[in-house]
2 protein chains.
Amino acid sequence: MADTKIVLPDSEIPRSWYNILADAPHPPQPPLHPGTGQPIGPDDLAPLFPMDLILQEVSTDRAIPIPDEVLDVLSVWRPTPLHRAKRLEREIGTASRIYYKYEGGSPAGSHKPNTAVAQAFYNARAGRTRLATETGAGQWGSALAFACQAFGLECKVYMVNISYQQKPYRRVMMETWGAQVVASPSPDTNAGRSIRERDPESLGSLGIAISEAVEDAATREDTSYSLGSVLNHVLLHQTVIGQEAQRQLALAGETGIDVVVGCVGGGSNFGGLALPFVGDKIAGAEIEIIATEPAACPTLTRGPFAYDFGDTAQLTPLVPMHTLGHDFVPPGIHAGGLRYHGVAPIVSQLLLDDLIRAEAYTQNDCFAAALRFARSEGIIPAPESSHAIKGAIDAAKRADESGTSQAILFNLSGHGHFDMAAYESYLHGSLEDFELPEEEIQRALRAIEPLPKPAGAPA
Amino acid sequence: MADTKIVLPDSEIPRSWYNILADAPHPPQPPLHPGTGQPIGPDDLAPLFPMDLILQEVSTDRAIPIPDEVLDVLSVWRPTPLHRAKRLEREIGTASRIYYKYEGGSPAGSHKPNTAVAQAFYNARAGRTRLATETGAGQWGSALAFACQAFGLECKVYMVNISYQQKPYRRVMMETWGAQVVASPSPDTNAGRSIRERDPESLGSLGIAISEAVEDAATREDTSYSLGSVLNHVLLHQTVIGQEAQRQLALAGETGIDVVVGCVGGGSNFGGLALPFVGDKIAGAEIEIIATEPAACPTLTRGPFAYDFGDTAQLTPLVPMHTLGHDFVPPGIHAGGLRYHGVAPIVSQLLLDDLIRAEAYTQNDCFAAALRFARSEGIIPAPESSHAIKGAIDAAKRADESGTSQAILFNLSGHGHFDMAAYESYLHGSLEDFELPEEEIQRALRAIEPLPKPAGAPA
């Protein structure tokens, strides 16, 4: 029997993270202080993050060693398997070879623990004893709860109220790992209290939850803030995914990959898989790298590149990114992890540099791809990951139409075991498609005021 | 970094199932026809099962080859990893080495697909185009739905009504894989209709659902019945678990294992892990093999060995097993997969032969062990599997008390991502303990009338 699943032993977990900033033609422009408009420095971030992570945020070293303590926890589920999707290939009748990297086997069910474990470790080493974060549907909060438990840290999660009410199981998962979870807006912060005074029934939002977690961390010596995507160091920690995939493809006898696909919310699972291949592309390899996003939140395909806030409440630095505006509230699609108005500066810059391209899909098309995958390969995908499946199937069809056989790789970033209500809606034909009307996009775009680039910034 | 997780490539999935009946000192006594009281033969079973499975049910060949088509589907998630639980060892401060085989990485989240895939394959090869089965909480039904999809079979699942109402996500999971799921009692069978006439609000039971699935299969040429535990061929299909573990322990440098632990409902995950080690024990190895069960359903620890029906409605053959009586309805513990009045004849006979022993635990003790495991090893266990964790921790403590260091292996048969409501009850202190009062056990035992053994049966 030929191996259709390539596994690696614990000893082959990558020993360093790959830093695209060492190779990228243009580094992302620096974040700006919201007050002064000047580039922020490490000291500005020190109240929120430990210095190790701040230094990783600005490092241009190509390889950054992964501490043994982090490797030890990652080895619970890493290296993750690389699957050849032979049944899916047969189902769609393609001559191409489709591979997927499966990140759903982690304790939290997605790729998120890859960075959560690293962040918890560096915080513990810096003497912090507590982390604060926000979570929407709960993927990130549960990953951080798991990681904090591994390093003996307390974990406080501000969970968007509507999710707290509607998705109790993710909350219980965080509590099982020892985290304290509160509905946001909460009575525990000034930001939360002021919103509750104005609107006692507030359903909350990711923007409000970020404000609460940032305030919590900024006002307590023992506490750092932790973010699950967007930042350079978060994408860095995820590059174990792509590095493992490179080794596994070689073991599968693939001498080169033609297409790499990942779904994009903030950009971390896409970056984790794609960045090592972007490095190969910069070095001369011919690879098509596709970021797939929801048509309901078309940040990369429709959003301009601008300096914008990471949160609704305008507490964060201004970051250079493709954005639909920090006031933009995406429709309630089931791929909750892709509902973010902006995208990581690294990913935004790679799009500007034509090293990657982006495609946007509607919800029903993605669930159709997810069902096709579940009924051929067996694994039920997270709604977020279904955007990558759709991208991979489309790439295979394009190859067939042009009469070529390609090697296509995508990131199956998580399982869908917590998303069965979404599958039920799809199976019963009641899933809405939320493609944004042009006028709504134009309204969002008008609200964005691109700031001037700082002096000396690259084009 | 030393490997704490031992993985095997696809090519090392076992090529044959291990049949304990070739080595066991006493084979289980034969099932009896409920009408005649005589041992049943292959022809009696032919309306329900394809001949390949009937022959496996009675085979005494030691190694039964696994067809390539079955290996191909198993390779989606097999071989499964063997973990050294170093963090759990530190947490409990033991000098012993604890290993666990993790079956929760399968598409359905448990060990159940190991036999579902084989059963679907043999049925497809025999020309059946449809399988009927029952399911309680949904683990077995989802495994069979997945397997039927892999071989292009229709799948009809009779799901106990109360679970159908309370656990919609498992139902949607089955539908995602294309199965038809109905609440049992259903209007689709005579058995279902007659119960609905008497009690239109019936919550159903596993016994009723079995009756419906058996009637469905017996009355349709195109349809077989499929069972997820208890039968010889089901335990046979699960022996890939123990065979892989044997190889992985050798790779980990363990020259022998001292203790093997599995939880028991019908007996399939326990048998799957333990039977190859029972073979080693019969050949002379010193291994303590422990079956752990709920104190709320103490089949092995309190039930007599008797001929009893597999279902409440008395439709099945009489099988020789430890049983609390086919009328016994276990309390509603969260480990739904362990709520069965009987246990596999193979497991029952091994207990009679002193090759294994049994322990019973209360629900809160098991959840305490599960939480300890989740907070050290990271993986959130299924409530069923928590009984094995409790058994392994207790074994480690006994070794420490006697001043020895042992190698202890248990089966982590599934993840708990669909069981967060149970964790919530535990975390908030509202989980009930349901240890059966002695009078209830005595009442159950009085209802059992052990049948005489057939002439010529071994002791």
# chains A, B, ... in the order shown; residues from 1 in each chain; ligands from 1

$ interface_residues --of "chain B" --to "chain A" --cutoff "6 Å" --atoms "only C-alpha atoms" --output "VMD selection string"
chain B and resid 3 10 107 169 172 177 375 378 to 379 420 424

$ residues_around --residues "segment 353-368 of chain B" --least-positions-apart "2" --cutoff "6 Å" --atoms "only C-alpha atoms" --output "MDAnalysis selection string"
chainID B and resid 289:295 301 350:351 370:371 386:387 390 433

$ write_last_selection --atoms "N, CA and C atoms" --output "mmCIF file, in the first residue's frame"
data_model
loop_
_atom_site.group_PDB
_atom_site.id
_atom_site.type_symbol
_atom_site.label_atom_id
_atom_site.label_comp_id
_atom_site.auth_asym_id
_atom_site.auth_seq_id
_atom_site.Cartn_x
_atom_site.Cartn_y
_atom_site.Cartn_z
ATOM 1 N N ILE B 289 -4.385 -6.997 33.071
ATOM 2 C CA ILE B 289 -5.281 -6.394 32.082
ATOM 3 C C ILE B 289 -6.589 -6.036 32.765
ATOM 4 N N ILE B 290 -6.914 -4.730 32.751
ATOM 5 C CA ILE B 290 -8.019 -4.225 33.574
ATOM 6 C C ILE B 290 -9.101 -3.610 32.700
ATOM 7 N N ALA B 291 -10.321 -4.111 32.858
ATOM 8 C CA ALA B 291 -11.493 -3.537 32.201
ATOM 9 C C ALA B 291 -12.181 -2.616 33.191
ATOM 10 N N THR B 292 -12.372 -1.342 32.823
ATOM 11 C CA THR B 292 -12.980 -0.392 33.755
ATOM 12 C C THR B 292 -14.370 -0.022 33.256
ATOM 13 N N GLU B 293 -15.302 0.056 34.209
ATOM 14 C CA GLU B 293 -16.702 0.282 33.842
ATOM 15 C C GLU B 293 -17.331 1.232 34.842
ATOM 16 N N PRO B 294 -18.511 1.805 34.497
ATOM 17 C CA PRO B 294 -19.172 2.733 35.420
ATOM 18 C C PRO B 294 -19.809 1.981 36.584
ATOM 19 N N ALA B 295 -19.709 2.543 37.780
ATOM 20 C CA ALA B 295 -20.406 1.976 38.935
ATOM 21 C C ALA B 295 -21.919 2.018 38.718
ATOM 22 N N THR B 301 -18.364 -6.268 37.034
ATOM 23 C CA THR B 301 -18.044 -6.425 38.457
ATOM 24 C C THR B 301 -19.199 -7.009 39.257
ATOM 25 N N LEU B 350 -13.090 -14.133 29.009
ATOM 26 C CA LEU B 350 -11.741 -13.845 29.509
ATOM 27 C C LEU B 350 -11.782 -13.508 31.001
ATOM 28 N N LEU B 351 -12.868 -12.877 31.433
ATOM 29 C CA LEU B 351 -13.002 -12.584 32.865
ATOM 30 C C LEU B 351 -13.196 -13.877 33.648
ATOM 31 N N ALA B 370 -10.375 12.827 34.173
ATOM 32 C CA ALA B 370 -10.382 13.434 32.839
ATOM 33 C C ALA B 370 -9.841 14.857 32.883
ATOM 34 N N LEU B 371 -10.240 15.618 33.908
ATOM 35 C CA LEU B 371 -9.779 16.999 34.017
ATOM 36 C C LEU B 371 -8.274 17.045 34.284
ATOM 37 N N SER B 386 -12.608 8.434 30.023
ATOM 38 C CA SER B 386 -12.140 8.870 31.345
ATOM 39 C C SER B 386 -12.076 7.687 32.310
ATOM 40 N N HIS B 387 -12.877 6.658 32.068
ATOM 41 C CA HIS B 387 -12.811 5.468 32.920
ATOM 42 C C HIS B 387 -11.473 4.740 32.763
ATOM 43 N N LYS B 390 -8.811 6.951 34.654
ATOM 44 C CA LYS B 390 -8.908 6.676 36.097
ATOM 45 C C LYS B 390 -8.226 5.341 36.431
ATOM 46 N N ASP B 433 -23.690 11.221 41.009
ATOM 47 C CA ASP B 433 -22.876 10.000 41.065
ATOM 48 C C ASP B 433 -23.673 8.719 40.908
#

$ residues_around --residues "Trp17 of chain B" --least-positions-apart "5" --cutoff "6 Å" --atoms "only C-alpha atoms" --output "list in words"
Ala63, Ile64 and Thr239 of chain B

$ write_last_selection --atoms "N, CA and C atoms" --output "PDB file, in the first residue's frame"
ATOM      1  N   ALA B  63      -4.858 -15.164  12.427  1.00  0.00           N
ATOM      2  CA  ALA B  63      -4.683 -13.908  11.685  1.00  0.00           C
ATOM      3  C   ALA B  63      -5.654 -13.896  10.515  1.00  0.00           C
ATOM      4  N   ILE B  64      -6.476 -12.870  10.438  1.00  0.00           N
ATOM      5  CA  ILE B  64      -7.438 -12.733   9.348  1.00  0.00           C
ATOM      6  C   ILE B  64      -7.042 -11.502   8.537  1.00  0.00           C
ATOM      7  N   THR B 239      -8.787  -4.916  16.744  1.00  0.00           N
ATOM      8  CA  THR B 239      -7.458  -5.331  17.227  1.00  0.00           C
ATOM      9  C   THR B 239      -6.304  -4.632  16.517  1.00  0.00           C
TER      10      THR B 239
END

$ closest_residue --among "B:Ile448, B:Ile66, B:Ile92, B:Ala116" --to "Arg15 of chain B" --atoms "only C-alpha atoms"
B:Ile66

$ select_by_dssp --residues "segment 133-377 of chain B" --states "alpha helix (DSSP H)" --output "ChimeraX atom specification"
/B:139-150,161-166,168-176,190-198,206-218,232-238,240-251,268-282,299-302,345-352,363-377

$ residues_around --residues "Ala396 of chain A" --least-positions-apart "4" --cutoff "12 Å" --atoms "only C-alpha atoms" --output "count of residues only"
32

$ atom_distance --atom1 "atom CA of Gly192 of chain A" --atom2 "atom CA of Gly136 of chain A"
15.6 Å

$ atom_distance --atom1 "atom CA of Gly342 of chain A" --atom2 "atom CA of Ala313 of chain A"
14.4 Å

$ atom_distance --atom1 "atom CA of Gly204 of chain A" --atom2 "atom CA of Phe434 of chain A"
21.1 Å

$ residues_around --residues "Leu315 of chain A" --least-positions-apart "5" --cutoff "10 Å" --atoms "only C-alpha atoms" --output "count of residues only"
10

$ select_by_dssp --residues "segment 365-417 of chain A" --states "strand (DSSP E)" --output "MDAnalysis selection string"
chainID A and resid 407:412

$ residues_around --residues "Pro298 of chain B" --least-positions-apart "6" --cutoff "12 Å" --atoms "only C-alpha atoms" --output "NGL selection string"
:B and (263-266 or 291-292 or 304 or 322-325 or 328-331 or 338-343 or 358-362 or 434-438 or 440-441 or 444-445)

$ closest_residue --among "B:Gly414, B:Gly336, B:Pro185, B:Leu251" --to "Glu197 of chain B" --atoms "only C-alpha atoms"
B:Pro185
